[in-house]
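Chemist: Contents of run29.cif (mmCIF, C-alpha atoms) are given next:
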data_input
#
loop_
_atom_site.label_atom_id
_atom_site.label_comp_id
_atom_site.auth_asym_id
_atom_site.auth_seq_id
_atom_site.Cartn_x
_atom_site.Cartn_y
_atom_site.Cartn_z
CA MET A 76 -182.79 39.62 -29.47
CA ARG A 77 -185.88 41.35 -28.09
CA CYS A 78 -186.59 44.91 -29.07
CA THR A 79 -188.51 47.76 -27.61
CA ILE A 80 -190.95 48.81 -30.25
CA VAL A 81 -193.24 51.10 -28.28
CA PRO A 82 -192.46 54.67 -29.31
CA PRO A 83 -192.17 57.19 -26.47
CA HIS A 84 -195.28 59.15 -27.40
CA ILE A 85 -197.35 56.00 -26.99
CA LEU A 86 -195.70 55.33 -23.62
CA ASP A 87 -196.52 58.91 -22.68
CA HIS A 88 -200.11 58.36 -23.61
CA MET A 89 -200.25 55.03 -21.74
CA ALA A 90 -198.69 56.58 -18.66
CA ARG A 91 -201.46 59.14 -18.56
CA GLU A 92 -204.50 57.41 -20.00
CA ALA A 93 -204.31 53.64 -19.51
CA ASP A 94 -207.24 52.18 -17.52
CA ASP A 95 -205.09 49.64 -15.69
CA PRO A 96 -203.02 51.41 -12.98
CA SER A 97 -200.21 48.84 -13.25
CA LEU A 98 -199.99 49.50 -16.98
CA ARG A 99 -199.84 53.24 -16.32
CA GLU A 100 -197.11 52.67 -13.78
CA SER A 101 -195.15 50.43 -16.09
CA ALA A 102 -195.38 52.92 -18.94
CA ARG A 103 -194.31 55.66 -16.58
CA ARG A 104 -191.28 53.64 -15.48
CA SER A 105 -190.35 53.01 -19.10
CA LEU A 106 -190.22 56.67 -19.86
CA VAL A 107 -187.08 58.60 -19.39
CA ILE A 108 -188.02 61.74 -17.63
CA SER A 109 -185.93 64.32 -19.38
CA THR A 110 -184.43 67.17 -17.44
CA ALA A 111 -186.86 69.47 -19.13
CA GLN A 112 -189.80 67.58 -17.72
CA ARG A 113 -188.30 67.52 -14.24
CA THR A 114 -187.83 71.24 -14.13
CA GLU A 115 -190.29 73.04 -11.97
CA ARG A 116 -192.54 75.33 -13.96
CA ARG A 117 -192.00 78.90 -12.96
CA ILE A 118 -194.72 81.04 -14.38
CA LEU A 119 -193.98 84.68 -14.11
CA PRO A 120 -196.52 87.45 -14.45
CA VAL A 121 -195.93 89.66 -17.47
CA THR A 122 -195.34 92.88 -15.61
CA ALA A 123 -192.60 95.39 -16.15
CA PRO A 124 -190.29 95.72 -13.17
CA ALA A 125 -189.10 99.12 -11.96
CA ALA A 126 -187.10 101.05 -14.55
CA THR A 127 -184.14 101.14 -12.16
CA GLN A 128 -183.72 97.38 -12.34
CA ASP A 129 -180.56 96.32 -14.07
CA PHE A 130 -179.88 92.65 -14.63
CA THR A 131 -176.42 91.30 -15.31
CA PRO A 132 -175.57 87.98 -16.96
CA ASN A 133 -173.49 85.28 -15.29
CA ARG A 134 -171.83 83.44 -18.19
CA THR A 135 -169.51 80.45 -18.14
CA ILE A 136 -167.95 79.07 -21.31
CA LYS A 137 -166.68 75.51 -21.17
CA ASP A 138 -164.67 73.60 -23.74
CA ALA A 139 -165.29 69.90 -24.45
CA GLY A 140 -161.98 69.62 -26.32
CA HIS A 141 -163.68 67.81 -29.25
CA THR A 142 -164.99 65.04 -26.98
CA GLU A 143 -168.65 64.37 -26.26
CA THR A 144 -168.21 64.75 -22.52
CA LEU A 145 -170.20 67.42 -20.71
CA PRO A 146 -169.80 69.95 -19.30
CA GLY A 147 -166.08 70.21 -20.19
CA GLU A 148 -163.40 72.47 -18.78
CA THR A 149 -164.18 76.08 -17.83
CA VAL A 150 -162.27 78.44 -20.12
CA ARG A 151 -163.96 81.79 -19.55
CA ALA A 152 -166.09 82.98 -16.64
CA GLU A 153 -168.17 86.16 -16.41
CA GLY A 154 -166.02 89.26 -16.65
CA ALA A 155 -162.84 87.37 -17.58
CA PRO A 156 -160.78 88.64 -20.51
CA PRO A 157 -161.10 86.96 -23.91
CA THR A 158 -159.27 83.68 -24.50
CA SER A 159 -157.15 82.93 -27.56
CA ASP A 160 -159.98 80.82 -29.03
CA ALA A 161 -162.40 82.70 -31.31
CA VAL A 162 -165.18 80.12 -30.89
CA GLU A 163 -165.10 80.42 -27.09
CA ASN A 164 -165.27 84.20 -27.31
CA GLN A 165 -168.05 84.18 -29.88
CA ALA A 166 -170.14 81.95 -27.61
CA TYR A 167 -169.51 84.32 -24.68
CA ASP A 168 -170.45 87.41 -26.70
CA TRP A 169 -173.63 85.95 -28.18
CA LEU A 170 -174.81 84.83 -24.74
CA GLY A 171 -174.40 88.44 -23.64
CA VAL A 172 -176.45 89.73 -26.60
CA VAL A 173 -179.26 87.22 -25.97
CA PHE A 174 -179.32 88.06 -22.25
CA ASP A 175 -179.44 91.80 -23.06
CA PHE A 176 -182.25 91.30 -25.55
CA PHE A 177 -184.55 89.59 -23.06
CA GLU A 178 -183.75 92.23 -20.47
CA ALA A 179 -184.25 95.18 -22.81
CA ALA A 180 -187.29 93.90 -24.69
CA TYR A 181 -189.22 92.06 -21.96
CA GLN A 182 -187.49 92.89 -18.65
CA ARG A 183 -186.57 89.23 -18.21
CA ASP A 184 -183.65 88.28 -15.98
CA SER A 185 -182.06 85.31 -17.76
CA ILE A 186 -183.57 81.95 -18.72
CA ASP A 187 -185.61 81.38 -15.55
CA GLY A 188 -186.45 85.06 -14.95
CA ALA A 189 -184.38 84.85 -11.77
CA GLY A 190 -180.80 85.25 -12.96
CA LEU A 191 -180.00 81.64 -13.87
CA PRO A 192 -176.29 81.30 -14.75
CA LEU A 193 -175.73 80.75 -18.50
CA ILE A 194 -173.47 77.83 -19.36
CA SER A 195 -172.30 76.96 -22.86
CA THR A 196 -169.99 74.14 -23.89
CA VAL A 197 -168.16 74.64 -27.21
CA HIS A 198 -165.98 72.36 -29.37
CA TYR A 199 -168.32 69.47 -28.57
CA GLY A 200 -167.51 66.28 -30.50
CA GLN A 201 -165.65 65.92 -33.76
CA GLY A 202 -167.17 67.53 -36.82
CA TYR A 203 -170.38 67.63 -34.79
CA ASP A 204 -173.25 69.10 -36.84
CA ASN A 205 -175.49 70.30 -34.06
CA ALA A 206 -176.26 72.56 -31.13
CA PHE A 207 -178.72 71.71 -28.37
CA TRP A 208 -180.09 72.63 -24.95
CA ASN A 209 -179.84 69.66 -22.59
CA GLY A 210 -182.11 71.03 -19.90
CA GLU A 211 -179.30 72.74 -18.03
CA GLN A 212 -176.94 74.26 -20.58
CA MET A 213 -176.21 74.95 -24.24
CA VAL A 214 -173.91 72.72 -26.29
CA TYR A 215 -172.29 73.57 -29.65
CA GLY A 216 -170.47 71.55 -32.26
CA ASP A 217 -167.94 72.92 -34.74
CA GLY A 218 -169.72 71.51 -37.80
CA ASP A 219 -168.16 69.14 -40.30
CA GLY A 220 -166.81 71.94 -42.49
CA THR A 221 -168.40 70.44 -45.62
CA LEU A 222 -172.08 71.07 -44.94
CA PHE A 223 -171.95 73.13 -41.77
CA THR A 224 -169.64 75.70 -40.21
CA GLU A 225 -169.41 76.34 -36.43
CA PHE A 226 -172.77 76.40 -34.66
CA THR A 227 -171.46 79.21 -32.45
CA GLY A 228 -171.33 81.45 -35.54
CA PRO A 229 -174.88 82.69 -36.11
CA LEU A 230 -176.43 84.72 -33.26
CA ASP A 231 -179.87 83.21 -33.87
CA VAL A 232 -178.58 79.70 -33.05
CA THR A 233 -177.65 80.86 -29.55
CA GLY A 234 -180.96 82.71 -29.32
CA HIS A 235 -182.79 79.54 -30.39
CA GLU A 236 -181.07 77.31 -27.81
CA LEU A 237 -181.43 79.76 -24.93
CA THR A 238 -185.13 80.18 -25.73
CA HIS A 239 -185.56 76.41 -25.28
CA GLY A 240 -184.46 77.09 -21.71
CA ILE A 241 -187.04 79.87 -21.29
CA THR A 242 -189.78 77.60 -22.67
CA GLN A 243 -188.71 74.90 -20.23
CA TYR A 244 -189.19 77.31 -17.30
CA THR A 245 -192.49 78.77 -18.58
CA ALA A 246 -195.03 77.03 -20.85
CA ALA A 247 -192.94 73.81 -20.77
CA LEU A 248 -194.34 72.78 -24.15
CA GLU A 249 -193.91 69.02 -24.56
CA TYR A 250 -191.29 68.25 -27.17
CA TYR A 251 -193.48 66.10 -29.36
CA GLY A 252 -196.02 66.69 -32.14
CA GLN A 253 -197.72 70.10 -32.32
CA SER A 254 -196.68 71.25 -28.83
CA GLY A 255 -193.10 70.28 -29.80
CA ALA A 256 -193.37 72.19 -33.08
CA LEU A 257 -194.57 75.22 -31.07
CA ASN A 258 -191.58 74.79 -28.75
CA GLU A 259 -189.32 74.77 -31.83
CA SER A 260 -191.12 77.71 -33.41
CA LEU A 261 -190.79 79.86 -30.28
CA SER A 262 -187.04 79.23 -30.36
CA ASP A 263 -186.94 80.31 -34.01
CA VAL A 264 -189.17 83.35 -33.35
CA PHE A 265 -187.00 84.73 -30.55
CA GLY A 266 -183.80 83.60 -32.28
CA SER A 267 -184.79 85.76 -35.24
CA LEU A 268 -186.00 88.66 -33.07
CA ILE A 269 -182.68 88.73 -31.19
CA LYS A 270 -180.84 89.04 -34.50
CA GLN A 271 -183.23 91.77 -35.69
CA TRP A 272 -182.78 93.65 -32.38
CA HIS A 273 -179.01 93.33 -32.61
CA LEU A 274 -179.05 94.69 -36.19
CA GLY A 275 -181.71 97.32 -35.47
CA GLN A 276 -183.95 95.99 -38.25
CA THR A 277 -187.66 96.51 -38.80
CA ALA A 278 -189.89 93.61 -39.89
CA ASP A 279 -189.60 94.56 -43.56
CA GLN A 280 -185.79 94.79 -43.38
CA ALA A 281 -185.22 91.42 -41.65
CA ASP A 282 -184.27 88.29 -43.60
CA TRP A 283 -186.50 86.03 -41.41
CA LEU A 284 -183.98 83.22 -41.90
CA ILE A 285 -182.79 80.78 -39.24
CA GLY A 286 -179.15 79.70 -39.34
CA GLN A 287 -178.04 82.13 -42.06
CA GLY A 288 -174.26 81.70 -42.29
CA LEU A 289 -174.30 78.15 -40.96
CA LEU A 290 -174.18 76.42 -44.34
CA ALA A 291 -170.66 75.80 -45.64
CA PRO A 292 -169.56 77.40 -48.92
CA GLY A 293 -170.82 75.41 -51.89
CA VAL A 294 -174.04 74.21 -50.26
CA ASN A 295 -177.05 75.28 -52.29
CA GLY A 296 -179.10 77.20 -49.74
CA VAL A 297 -179.40 80.45 -47.83
CA ALA A 298 -180.08 79.07 -44.32
CA LEU A 299 -181.74 76.16 -42.50
CA ARG A 300 -185.23 77.58 -42.29
CA SER A 301 -187.18 80.51 -43.65
CA MET A 302 -189.95 81.91 -41.46
CA LYS A 303 -191.23 84.05 -44.32
CA ALA A 304 -191.22 81.25 -46.90
CA PRO A 305 -190.92 77.85 -45.16
CA GLY A 306 -189.65 75.12 -47.45
CA THR A 307 -187.38 77.39 -49.50
CA ALA A 308 -184.22 77.67 -47.35
CA TYR A 309 -182.13 75.04 -49.15
CA ASP A 310 -182.23 72.49 -51.94
CA ASP A 311 -178.94 70.65 -52.15
CA PRO A 312 -177.84 67.25 -53.50
CA GLN A 313 -176.17 66.34 -50.18
CA MET A 314 -178.60 67.94 -47.74
CA GLY A 315 -181.85 67.34 -49.57
CA LYS A 316 -184.62 69.91 -49.77
CA ASP A 317 -186.01 72.06 -46.95
CA PRO A 318 -189.02 69.96 -45.80
CA GLN A 319 -190.96 72.67 -43.95
CA PRO A 320 -194.64 73.23 -44.74
CA ALA A 321 -195.99 76.80 -44.85
CA ASP A 322 -199.59 75.96 -43.88
CA MET A 323 -201.83 73.31 -42.32
CA ALA A 324 -202.77 71.84 -45.69
CA HIS A 325 -199.19 70.58 -45.93
CA TYR A 326 -198.75 69.46 -42.30
CA VAL A 327 -196.35 66.50 -42.18
CA ASN A 328 -197.37 63.46 -40.14
CA THR A 329 -194.28 61.57 -39.01
CA TYR A 330 -193.00 59.90 -35.86
CA ARG A 331 -189.41 60.83 -36.64
CA ASP A 332 -187.89 64.02 -35.24
CA ASN A 333 -190.22 63.75 -32.22
CA GLY A 334 -193.20 63.92 -34.53
CA GLY A 335 -191.74 66.44 -36.97
CA VAL A 336 -191.00 69.23 -34.50
CA HIS A 337 -188.37 70.77 -36.82
CA ILE A 338 -190.63 70.30 -39.84
CA ASN A 339 -194.08 71.52 -38.79
CA SER A 340 -192.60 74.47 -36.89
CA GLY A 341 -192.72 76.12 -40.32
CA ILE A 342 -196.46 76.68 -39.85
CA PRO A 343 -196.35 78.71 -36.59
CA ASN A 344 -193.11 80.34 -37.81
CA ARG A 345 -194.90 81.75 -40.83
CA ALA A 346 -197.87 82.79 -38.67
CA PHE A 347 -195.48 84.89 -36.58
CA TYR A 348 -193.91 86.40 -39.69
CA LEU A 349 -197.35 87.30 -41.09
CA ALA A 350 -198.38 88.95 -37.79
CA ALA A 351 -195.09 90.88 -37.52
CA ASP A 352 -195.27 91.95 -41.16
CA ALA A 353 -198.84 93.21 -40.79
CA ILE A 354 -198.09 95.07 -37.55
CA GLY A 355 -194.87 96.55 -38.95
CA GLY A 356 -192.01 98.33 -37.20
CA HIS A 357 -189.63 96.50 -34.87
CA ALA A 358 -191.04 92.99 -34.63
CA TRP A 359 -189.91 92.41 -31.05
CA GLU A 360 -191.90 95.41 -29.79
CA ARG A 361 -195.47 94.30 -30.54
CA ALA A 362 -195.65 90.92 -32.34
CA GLY A 363 -192.79 89.66 -30.17
CA ARG A 364 -194.42 90.99 -27.00
CA ILE A 365 -197.64 89.16 -27.84
CA TRP A 366 -195.77 85.86 -28.38
CA TYR A 367 -193.60 86.42 -25.28
CA GLY A 368 -196.65 87.20 -23.15
CA THR A 369 -198.34 84.06 -24.43
CA LEU A 370 -195.27 81.88 -23.74
CA THR A 371 -194.74 83.19 -20.22
CA GLY A 372 -198.30 84.07 -19.17
CA GLY A 373 -199.17 80.71 -17.62
CA LYS A 374 -202.28 80.11 -19.73
CA VAL A 375 -200.87 77.79 -22.39
CA PRO A 376 -201.01 74.09 -21.42
CA SER A 377 -197.84 72.08 -21.97
CA THR A 378 -199.70 69.91 -24.49
CA ALA A 379 -201.09 72.86 -26.48
CA ASP A 380 -201.72 72.31 -30.18
CA PHE A 381 -201.46 75.06 -32.80
CA ALA A 382 -205.12 76.11 -32.42
CA THR A 383 -204.84 76.39 -28.62
CA PHE A 384 -201.68 78.44 -28.87
CA ALA A 385 -203.18 80.61 -31.62
CA ALA A 386 -206.24 81.39 -29.50
CA ALA A 387 -203.92 82.30 -26.61
CA THR A 388 -201.97 84.76 -28.80
CA VAL A 389 -205.25 86.47 -29.75
CA ASP A 390 -206.17 86.71 -26.04
CA THR A 391 -202.74 88.13 -25.21
CA ALA A 392 -203.03 90.69 -28.02
CA LYS A 393 -206.44 91.77 -26.69
CA ALA A 394 -205.09 92.08 -23.13
CA LEU A 395 -202.11 94.13 -24.30
CA TYR A 396 -203.69 96.36 -26.95
CA GLY A 397 -207.48 96.21 -26.53
CA ALA A 398 -210.10 93.98 -28.15
CA SER A 399 -210.52 96.13 -31.26
CA ALA A 400 -206.83 96.90 -31.81
CA ALA A 401 -205.17 96.43 -35.20
CA GLU A 402 -202.70 94.05 -33.52
CA VAL A 403 -205.55 91.66 -32.66
CA THR A 404 -206.74 91.63 -36.26
CA ALA A 405 -203.16 91.08 -37.48
CA VAL A 406 -202.64 88.09 -35.19
CA ARG A 407 -205.98 86.55 -36.10
CA GLN A 408 -205.34 86.95 -39.83
CA ALA A 409 -201.82 85.57 -39.46
CA TRP A 410 -203.13 82.28 -38.07
CA THR A 411 -205.92 82.14 -40.63
CA GLY A 412 -203.25 82.70 -43.27
CA VAL A 413 -201.55 79.43 -42.35
CA GLY A 414 -204.81 77.50 -42.04
CA VAL A 415 -205.18 77.54 -38.24
CA ARG A 416 -208.70 78.52 -37.15
CA VAL A 417 -208.96 81.11 -34.38
CA MET B 32 -179.04 40.85 -41.01
CA LYS B 33 -180.11 44.09 -42.66
CA VAL B 34 -179.51 47.13 -40.48
CA THR B 35 -181.01 50.54 -41.21
CA VAL B 36 -180.33 53.71 -39.23
CA ILE B 37 -182.20 56.97 -39.74
CA ARG B 38 -181.03 60.04 -37.88
CA SER B 39 -183.61 62.81 -37.47
CA GLY B 40 -183.94 65.96 -35.37
CA GLY B 41 -181.03 68.15 -34.41
CA PHE B 42 -181.11 71.94 -34.73
CA ALA B 43 -181.01 71.57 -38.51
CA GLY B 44 -183.76 68.95 -38.64
CA ILE B 45 -182.08 67.24 -41.58
CA GLU B 46 -182.54 63.50 -41.96
CA ARG B 47 -179.61 61.14 -42.64
CA ARG B 48 -179.98 57.51 -43.51
CA GLY B 49 -177.68 54.51 -43.78
CA GLN B 50 -178.15 50.83 -44.51
CA ALA B 51 -175.83 47.84 -44.36
CA ASP B 52 -176.01 44.05 -44.33
CA SER B 53 -174.09 42.09 -41.70
CA ALA B 54 -173.76 39.19 -44.17
CA ASP B 55 -171.09 41.09 -46.12
CA ASP B 56 -169.84 43.31 -43.29
CA PRO B 57 -167.88 41.42 -40.59
CA LEU B 58 -167.51 44.54 -38.40
CA LEU B 59 -171.27 45.09 -38.41
CA ASP B 60 -171.85 41.38 -37.78
CA GLY B 61 -169.76 41.65 -34.61
CA LEU B 62 -171.57 44.77 -33.48
CA VAL B 63 -175.07 43.35 -34.04
CA GLY B 64 -174.19 40.48 -31.70
CA ARG B 65 -173.17 42.93 -28.98
CA VAL B 66 -176.23 45.18 -28.86
CA ASP B 67 -179.50 44.50 -27.09
CA LEU B 68 -182.16 46.97 -28.18
CA SER B 69 -184.50 45.73 -25.43
CA LEU B 70 -182.31 47.34 -22.76
CA LEU B 71 -182.68 50.83 -24.17
CA PRO B 72 -184.75 53.56 -22.55
CA PRO B 73 -186.91 55.72 -24.83
CA PRO B 74 -185.18 58.76 -26.37
CA GLY B 75 -186.37 61.40 -23.91
CA ARG B 76 -187.22 64.89 -25.03
CA ILE B 77 -184.07 66.91 -25.19
CA PRO B 78 -184.55 69.95 -27.46
CA ASP B 79 -182.54 69.66 -30.69
CA GLN B 80 -180.84 66.38 -29.83
CA PHE B 81 -180.47 63.82 -32.62
CA VAL B 82 -182.91 60.93 -32.58
CA TYR B 83 -181.88 57.61 -34.16
CA ASP B 84 -184.34 55.08 -35.52
CA ILE B 85 -182.63 51.72 -35.68
CA ASP B 86 -184.00 48.73 -37.59
CA ILE B 87 -182.25 45.38 -37.24
CA ASP B 88 -183.97 42.82 -39.44
CA GLY B 89 -187.43 44.27 -38.81
CA THR B 90 -187.13 44.97 -35.10
CA THR B 91 -186.99 48.67 -34.46
CA THR B 92 -186.34 51.19 -31.73
CA SER B 93 -185.74 54.91 -31.29
CA VAL B 94 -182.73 56.15 -29.34
CA GLY B 95 -181.74 59.66 -28.29
CA GLU B 96 -178.11 60.63 -28.73
CA ALA B 97 -177.67 60.94 -24.96
CA GLN B 98 -178.37 57.20 -24.67
CA LEU B 99 -176.12 56.22 -27.53
CA THR B 100 -173.11 54.51 -25.96
CA GLY B 101 -170.81 51.52 -26.41
CA PRO B 102 -171.33 49.08 -29.30
CA LEU B 103 -174.70 50.61 -30.25
CA ARG B 104 -172.98 53.95 -30.81
CA GLU B 105 -170.38 52.22 -32.99
CA LEU B 106 -173.10 50.41 -34.90
CA VAL B 107 -175.11 53.58 -35.54
CA HIS B 108 -172.12 55.56 -36.82
CA HIS B 109 -170.85 52.62 -38.86
CA VAL B 110 -174.18 52.19 -40.64
CA LEU B 111 -174.72 55.92 -41.18
CA ASP B 112 -171.21 56.25 -42.63
CA SER B 113 -171.76 53.32 -45.00
CA GLY B 114 -174.57 55.31 -46.65
CA GLY B 115 -176.99 53.31 -48.74
#
Rewrite the structure of this file - the entire thing - as structure tokens.

Modeler:
Amino acid sequence: MRCTIVPPHILDHMAREADDPSLRESARRSLVISTAQRTERRILPVTAPAATQDFTPNRTIKDAGHTETLPGETVRAEGAPPTSDAVENQAYDWLGVVFDFFEAAYQRDSIDGAGLPLISTVHYGQGYDNAFWNGEQMVYGDGDGTLFTEFTGPLDVTGHELTHGITQYTAALEYYGQSGALNESLSDVFGSLIKQWHLGQTADQADWLIGQGLLAPGVNGVALRSMKAPGTAYDDPQMGKDPQPADMAHYVNTYRDNGGVHINSGIPNRAFYLAADAIGGHAWERAGRIWYGTLTGGKVPSTADFATFAAATVDTAKALYGASAAEVTAVRQAWTGVGVRV
Amino acid sequence: MKVTVIRSGGFAGIERRGQADSADDPLLDGLVGRVDLSLLPPPGRIPDQFVYDIDIDGTTTSVGEAQLTGPLRELVHHVLDSGG
């Protein structure tokens, strides 16, 4: 038995940097080009369209019938009445809330900014403990019932997955290492902001948790991640302890989880919380606008590390509010607070 | 042969690990003979998908859940379910 032992990030590096063209080509061939990487980058200027513009979602809910076959059978199209399945209807409703948030807060028309239809498949797999964005659509499992409940339940899960789509069409942050952790963090940031917008909360009223309500009764934890206090969301005999670091001094080097994208996202998550807390008010209005403008502004390279992204948020804050604005100071201090130099 | 599977990633980012030995596990012994890790493409970069690190007697590979089919899929779930 012969095994492939070259991890994908090394292949990536070889495909780009190897001196020998045949080696580059071979590495390139070995790489699976994910849908995300194939998607054309569509960078949109951050300008507000006319106030008369009114975007409408185009949602389709599909049901995998507890198989792992995508996309599944269509059960509810846009405008159709509710079905008899609560999970299908919850998925439909949350897609509508996420769509409305991006329209209301940032005048964005769907995932691609151009009205992309929203497709979600529910009841994926058996006791499936996950939700993901596969480059074209969202997919939700029902959870195993012991550790996790349905992934369609919490609004921020849908917000998180749909934001992966937006990132794919904008900054296209590579899903590995620090750029991957930024990709993850942006999904948490907007996932949380959508929930705060839906509940009408200010920064000091929000729980800043990701996946609150997803843990089954009896699990010792409040959520999957805490943006305010990374590393404190759960500590359970079956699940283990929340592994997220809160600052660069505790950055986790690992090749698992695409280089710790769900672990080190705690650092930029907390930076966003610190900025939003310092600015105050509704977090989506100013802190969120700075992050959204940075994500969609076309100036962040797809391989950006934390420091590059941090510098870009400071630039966006200056462009939006002026070089000496309190928002600029808040953003700068937020990154300094997690050990990222700006 | 000693087989270790570590699942990482997923929306929750929670690691799961399983280990089993084909010497005292006839089902696993059959599965090990039917998988060829050298034929697998790298895991790809699908946001929030599970990534599986598979170690069969010291030879290792990473597989994304989208590529997990056939006997390898059986092997991965069998080893994860056997804990260890």

Chemist: Give the answer as one residue: which of A:Met302, A:Ile136, A:Val413, A:Leu237 has the shortest atom-to-atom distance to chain B, using all atoms listed in the file?

Modeler: A:Leu237

Chemist: Hey, can you check how far atom CA of A:Leu230 sits from atom CA of A:Phe176?

Modeler: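 Distance reported for this atom pair: 11.7 Å.
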
Chemist: Find the nearest atom pair between each residue of chain B and chain A for residues within 9 Å, count only C-alpha atoms, give distances in Å to one decimal, sort rows by chain and ascending number, and present the table as a Markdown table.

Modeler:
| residue | atom | partner | partner_atom | distance |
| --- | --- | --- | --- | --- |
| B:Ile37 | CA | A:Arg331 | CA | 8.7 |
| B:Arg38 | CA | A:Asp332 | CA | 8.4 |
| B:Ser39 | CA | A:Asp332 | CA | 5.0 |
| B:Gly40 | CA | A:Asp332 | CA | 4.4 |
| B:Gly41 | CA | A:Asn205 | CA | 6.0 |
| B:Phe42 | CA | A:Asn205 | CA | 5.9 |
| B:Ala43 | CA | A:Leu299 | CA | 6.1 |
| B:Gly44 | CA | A:His337 | CA | 5.3 |
| B:Ile45 | CA | A:Met314 | CA | 7.1 |
| B:Glu46 | CA | A:Met314 | CA | 8.3 |
| B:Arg47 | CA | A:Met314 | CA | 8.6 |
| B:Gly64 | CA | A:Met76 | CA | 8.9 |
| B:Val66 | CA | A:Met76 | CA | 8.6 |
| B:Asp67 | CA | A:Met76 | CA | 6.3 |
| B:Leu68 | CA | A:Cys78 | CA | 5.0 |
| B:Ser69 | CA | A:Cys78 | CA | 4.3 |
| B:Leu70 | CA | A:Thr79 | CA | 7.9 |
| B:Leu71 | CA | A:Thr79 | CA | 7.4 |
| B:Pro72 | CA | A:Val107 | CA | 6.4 |
| B:Pro73 | CA | A:Pro83 | CA | 5.7 |
| B:Pro74 | CA | A:Pro83 | CA | 7.2 |
| B:Gly75 | CA | A:Val107 | CA | 5.4 |
| B:Arg76 | CA | A:Tyr250 | CA | 5.7 |
| B:Ile77 | CA | A:Asn209 | CA | 5.7 |
| B:Pro78 | CA | A:Trp208 | CA | 5.8 |
| B:Asp79 | CA | A:Phe207 | CA | 4.9 |
| B:Gln80 | CA | A:Phe207 | CA | 5.9 |
| B:Phe81 | CA | A:Asp332 | CA | 7.9 |
| B:Val82 | CA | A:Asp332 | CA | 6.4 |
| B:Tyr83 | CA | A:Arg331 | CA | 8.6 |
| B:Asp84 | CA | A:Arg331 | CA | 7.7 |
| B:Thr90 | CA | A:Cys78 | CA | 6.1 |
| B:Thr91 | CA | A:Ile80 | CA | 5.8 |
| B:Thr92 | CA | A:Ile80 | CA | 5.4 |
| B:Ser93 | CA | A:Pro82 | CA | 7.0 |

Chemist: Which is closer to A:Gly202 than all the others in A:Gly147, A:Gly140, A:Gly414, A:Gly188, using all atoms listed in the file?

Modeler: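 Closest to A:Gly202, using all atoms listed in the file: A:Gly140.
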
Chemist: I need the residue set behind the PyMOL selection byres ((chain B and resi 105-108) around 9) for this file; please write it as a list of chain:residue names.

Modeler: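 What the PyMOL selection byres ((chain B and resi 105-108) around 9) grabs from the file is B:Thr35, B:Val36, B:Ile37, B:Gly49, B:Leu58, B:Leu59, B:Leu62, B:Val63, B:Val66, B:Tyr83, B:Ile85, B:Leu99, B:Thr100, B:Gly101, B:Pro102, B:Leu103, B:Arg104, B:His109, B:Val110, B:Leu111, B:Asp112, B:Ser113.
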